[in-house]
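First the structure, in the form of structure tokens, and then the observations on it.
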Amino acid sequence: MSKPPSSSLGFRQRRKEHQDMCGILIIISGVRIDLSSLLPDSTICSSLSGETANFLFSVDDIKAALRRRGPDSLGSKSIFLHADEERTLQSSVEEENAIEESHFIDIPVLNNTSFGKLIFVGATLQLRGVYPITQPLVDKSGNILIYNGEVFGGIELNSDTNDTEVLMKSLKECCNCLSHEHEDTCRNGKYSVPEFLSKIKGPWALIYWQENSKTIWFGRDAFGRRSLLVHWPSIKDLRFMLSSVSPPSAIDELNFWEELPCGVYSMAMSASKMDGNLVGEVKRHNWTDPLLEELIEWERTFVEPKPEDLTKMFSSEQRGHLHQKVLAALKESVRRRTIFSEIHLSSSPVAVLFSGGLDSMILAALLDQCLDSKFEIDLLNVSFDGELAPDRISAMAGVKELRKIVPLRRWNLVEIDAELSKLTTETKRVLSLIYPSNTYMDLNIGIALWLAAGGDGCVSEEINGNNHSKIKYKSDSRILLVGSGADEQCGGYGRHRTKFRESSWGGLNEEMKLDMQRIWKRNLGRDDRCIADNGKEARFPFLDENVIRILLDIPLWEIADLRQPSGVGDKKILREVARMLHLNTAAVLPKRAIQFGSRIARESNRKNYGSNRAANQASAGSAFIHPI
């Protein structure tokens with residue numbers, strides 16, 4: 001098998017100019033979508049020429065949602081498709097700013113020939129470099145790319161190159177084979193699109209029009225760290241759509257959007273020989289990198305300990321080596337996620353979603369080691385009960401510990417206070433961001449994340465180590481480090497302890513595996529949308545490919561030992577990492593989810609059910625929300 005561009009040791013030593021992310025969108029009309037390969041029991045979804053258009057919202061509605069993310073630029077291109085007399089598909093690109101779409105547009109049928117329209121929209125948030133780039137990118141061959149992501153490895157990038165431009169060039173070199181087993185049909189030594197995308201390390205979602213094959217390639221990374229929603233054509237709306245975010249008007253329509261399952265997909269366009277209608281056949285492709293497949297399968301080598309493993313354990317030297325490997329991998333993960341151009345940056349370019357708990361304290365300490373000492377670090381903390389919320393109490397203790405360890409760094413604990421009863425407009429906004437998630441738990445988490453990403457609060461003036469009067473402060477950091485993935489991989493949830501009691505080590509491992517394999521659907525798409533809506537980009541150091549690999553290589557009983565009490569055995573490996581960072585107080589803190597630590601869950605229960613007790617009896621956390 002031919003190999004895509006490989007990683008190189010030079011990657012770590014090079015400083016790339018910038019990556020591009022913010023949001024992407026494609027809308028396809030006038031094309032019949034064939035899902036028979038993807039969903040064998042499905043019928044062909046229609047969005048045909050000449051049909052009366054039934055649109056719930058316009059392109060401009062989604063553009064407005066993308067603009068809320070604070071992009072440096074937002075561009076659009078469109079492709080018109082039609083079949084010639086011999087039923088051969090032809091395409092033409094429409095220039096920038098020529099795209100208009102109302103709620104009711106009919107794609108015409110002329111002389112028994114169908115016309116289709118593909119609209120590409122790309123919003124770009126530039127976090128590195130001097131030279132701006134506007135998406136969509138169109139090359140001389142007519143290929144089009146819109147991309148929302150970061151490249152942290154897998155392909156080589158020079159110091160003066162841009163992620164999206166490198167991807168565009170590499171994708172142009174791909175063959176037009178739709179199967180990853182393409183050697184029998186492709187003899188020119190090229191690699192396939194799935195081969196190339198399988199090599200990228202880092203979060204991404206993209207849409208790529210391959211002109212020579214008249215095929216759209218689309219997908220998201222194997223862990224779903226970037227949002228990508230899909231709408232399959234239906235009676236409610238005949239168009240096929242992929243979007244990073246939903247417009248607010250869609251929340252009234254249940255099941256309109258789905259989280260696109262992680263993977264690489266193709267939609268091959270053609271004209272039916274029978275009736276001339278345009279057809280797009282959708283297929284899903286396998287990842288081709290065996291190392292990536294191992295991470296997706298999440299198979300741990302050592303799960304069930306022998307009796308001597310639990311009595312003897314590892315020697316202090318062996319355990320220290322394990323802890324050091326995890327610490328080194330996490331530090332490298334944070335370092336990769338905090339490289340940026342210093343042009344036009346604030347004094348605090350990187351922030352941490354901060355509860356003062358184990359995960360956020362580790363991220364803050366590692367960020368300090370990776371960030372030039374001239375920069376301040378914003379620690380964003382949300383409370384719905386002022387200084388009485390558990391997360392506010394631990395955050396104040398946490399920043400005190402950080403200041404003691406690193407006194408020369410300026411740490412800004414940004415105290416973001418809110419009252420749920422006063423957030424009517426904001427709640428409606430967050431409902432559209434968490435969609436298609438639709439439970440009170442999702443809403444509570446979403447509101448807390450959205451407020452944190454907004455960074456609008458107060459900081460305490462510090463004089464001689466003591467906090468004095470508070471002053472208003474708004475964080476303008478554009479990068480936000482988030483601890484997602486730590487609990488899933490290290491046995492941090494209460495359900496992990498329950499499963500361990502029921503089914504011992506094997507049951508614990510299966511529950512953790514389940515959490516990792518559904519994190520894209522339950523957590524990451526929702527979190528990415530809520531954070532990005534405030535012009536910040538979420539980065540997840542615990543979900544770096546190398547960090548996942550190293551944690552899987554460690555015996556489960558060294559990762560978590562749930563025979564021991566909370567604050568000791570859960571996330572055991574991370575507690576040792578915290579001690580290596582001299583975070584001795586944080587190392588013994590129990591797990592506390594953001595909706596409970598901030599006390600938004602309590603306020604939500606009182607608002608919607610009258611009391612915590614009534615909410616618990618109604619299983620309020622998993623209850624579905626009726627549209628507001």
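Letters A, B, ... go to the chains of the structure tokens in the order shown; residues in each chain start at 1; ligands are counted from 1 in the same order.
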Skip Pro390 of chain A itself and residues of its chain fewer than 3 positions away, then list as JSON, numbers by chain all residues within 9 Å of it, counting only C-alpha atoms. {"A": [355, 383, 385, 387, 393, 394, 395, 592, 596, 597, 598, 599]}
Segment 467-574 of chain A: which residues are helix (DSSP H, G or I) by DSSP, as a VMD selection string? chain A and resid 486 to 490 494 to 532 541 to 543 545 to 553 556 to 559 572 to 574
For Asn444 of chain A, which residue among A:Ser346, A:Asn612, A:Ser622, A:Asn212 is the nearest when counting only C-alpha atoms?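 Of A:Ser346, A:Asn612, A:Ser622, A:Asn212, the one nearest Asn444 of chain A, counting only C-alpha atoms, is A:Ser622.
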Can you tell me which residues surround Leu242 of chain A at a distance of at most 8 Å, considering only C-alpha atoms, apart from same-chain residues fewer than 6 positions away, and format the answer as a ChimeraX atom specification? /A:24-27,228-231
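Of the listed residues A:Met241, A:Cys22, A:Val264, A:Leu39, the one whose atoms come nearest to Glu150 of chain A is A:Cys22, with distances taken using only C-alpha atoms.
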From the list A:Val547, A:Val245, A:Ala418, A:Ile471, which residue is nearest Asp527 of chain A when using only C-alpha atoms?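 Checking each of A:Val547, A:Val245, A:Ala418, A:Ile471 against Asp527 of chain A, counting only C-alpha atoms, the winner is A:Val245.
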Need to verify the contact set: Arg226 of chain A, 10 Å, only C-alpha atoms, exclusion of same-chain residues closer than 5 positions in sequence. Can you return it as number ranges by chain? A: 21-23, 148-150, 202-206, 220-221, 244, 262, 520, 524-529, 537-539
By how many Å are atom CA of Pro233 of chain A and atom CA of Ile33 of chain A apart? 7.5 Å
Determine, counting only C-alpha atoms, which protein, DNA and RNA residues have an atom within 9 Å of an atom of Ser198 of chain A; residues of the same chain fewer than 6 positions away are not included. Present the result as a PyMOL selection string. chain A and resi 154+221-222+264+286-289+292
Go through A:Lys591, A:Lys325, A:Lys169, A:Arg549 one by one, measure the shortest atom-to-atom distance of each to Val568 of chain A using only C-alpha atoms, and give the residue with the smallest value. A:Lys591
Which residues are near Leu330 of chain A? Cut-off 12 Å, only C-alpha atoms, ignore same chain within fewer than 4 positions. Put them as an mmCIF file with C-alpha atoms, in the first residue's frame.
data_model
loop_
_atom_site.group_PDB
_atom_site.id
_atom_site.type_symbol
_atom_site.label_atom_id
_atom_site.label_comp_id
_atom_site.auth_asym_id
_atom_site.auth_seq_id
_atom_site.Cartn_x
_atom_site.Cartn_y
_atom_site.Cartn_z
ATOM 1 C CA HIS A 323 4.023 8.231 36.014
ATOM 2 C CA GLN A 324 6.861 10.006 34.224
ATOM 3 C CA LYS A 325 5.723 8.655 30.845
ATOM 4 C CA VAL A 326 2.198 9.933 31.402
ATOM 5 C CA VAL A 334 -0.265 20.783 26.098
ATOM 6 C CA ARG A 335 2.830 22.184 24.360
ATOM 7 C CA ARG A 336 1.507 21.293 20.917
ATOM 8 C CA ARG A 337 -1.806 22.911 21.730
ATOM 9 C CA ASP A 359 -7.698 17.614 35.894
ATOM 10 C CA ILE A 362 -2.751 19.452 36.056
ATOM 11 C CA LEU A 363 -3.552 21.384 32.867
ATOM 12 C CA ALA A 364 -2.818 24.731 34.534
ATOM 13 C CA ALA A 365 0.522 23.528 35.908
ATOM 14 C CA LEU A 366 1.567 22.062 32.546
ATOM 15 C CA LEU A 367 0.454 25.194 30.710
ATOM 16 C CA GLN A 369 5.665 24.974 31.895
ATOM 17 C CA CYS A 370 4.845 25.420 28.201
ATOM 18 C CA GLY A 483 -10.031 18.365 30.749
ATOM 19 C CA ALA A 486 -9.553 12.328 31.813
ATOM 20 C CA PHE A 540 -8.446 18.617 24.774
ATOM 21 C CA PRO A 541 -4.939 17.577 25.906
ATOM 22 C CA PHE A 542 -6.154 14.345 27.552
ATOM 23 C CA LEU A 543 -7.506 13.211 24.162
ATOM 24 C CA ASP A 544 -4.200 13.497 22.314
ATOM 25 C CA GLU A 545 -3.514 10.291 20.375
ATOM 26 C CA ASN A 546 -0.212 9.693 22.140
ATOM 27 C CA VAL A 547 -1.726 10.246 25.590
ATOM 28 C CA ILE A 548 -4.493 7.725 24.813
ATOM 29 C CA ARG A 549 -1.896 5.203 23.594
ATOM 30 C CA ILE A 550 0.292 5.508 26.684
ATOM 31 C CA LEU A 551 -2.648 5.189 29.081
ATOM 32 C CA LEU A 574 -3.354 11.240 37.433
ATOM 33 C CA VAL A 577 1.110 12.955 38.083
ATOM 34 C CA ALA A 578 -0.300 15.790 40.210
ATOM 35 C CA LEU A 581 3.862 18.577 39.732
#
How far is it from atom CA of Ile531 of chain A to atom CA of Pro194 of chain A, in Å with one decimal?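 Interatomic distance here is 28.9 Å.
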I'd like the neighbourhood of Leu583 of chain A as an MDAnalysis selection string, where a residue qualifies if any of its atoms comes within 8 Å (using only C-alpha atoms), though same-chain residues fewer than 2 positions away should be ignored. chainID A and resid 361:362 401:402 578:581 585:587
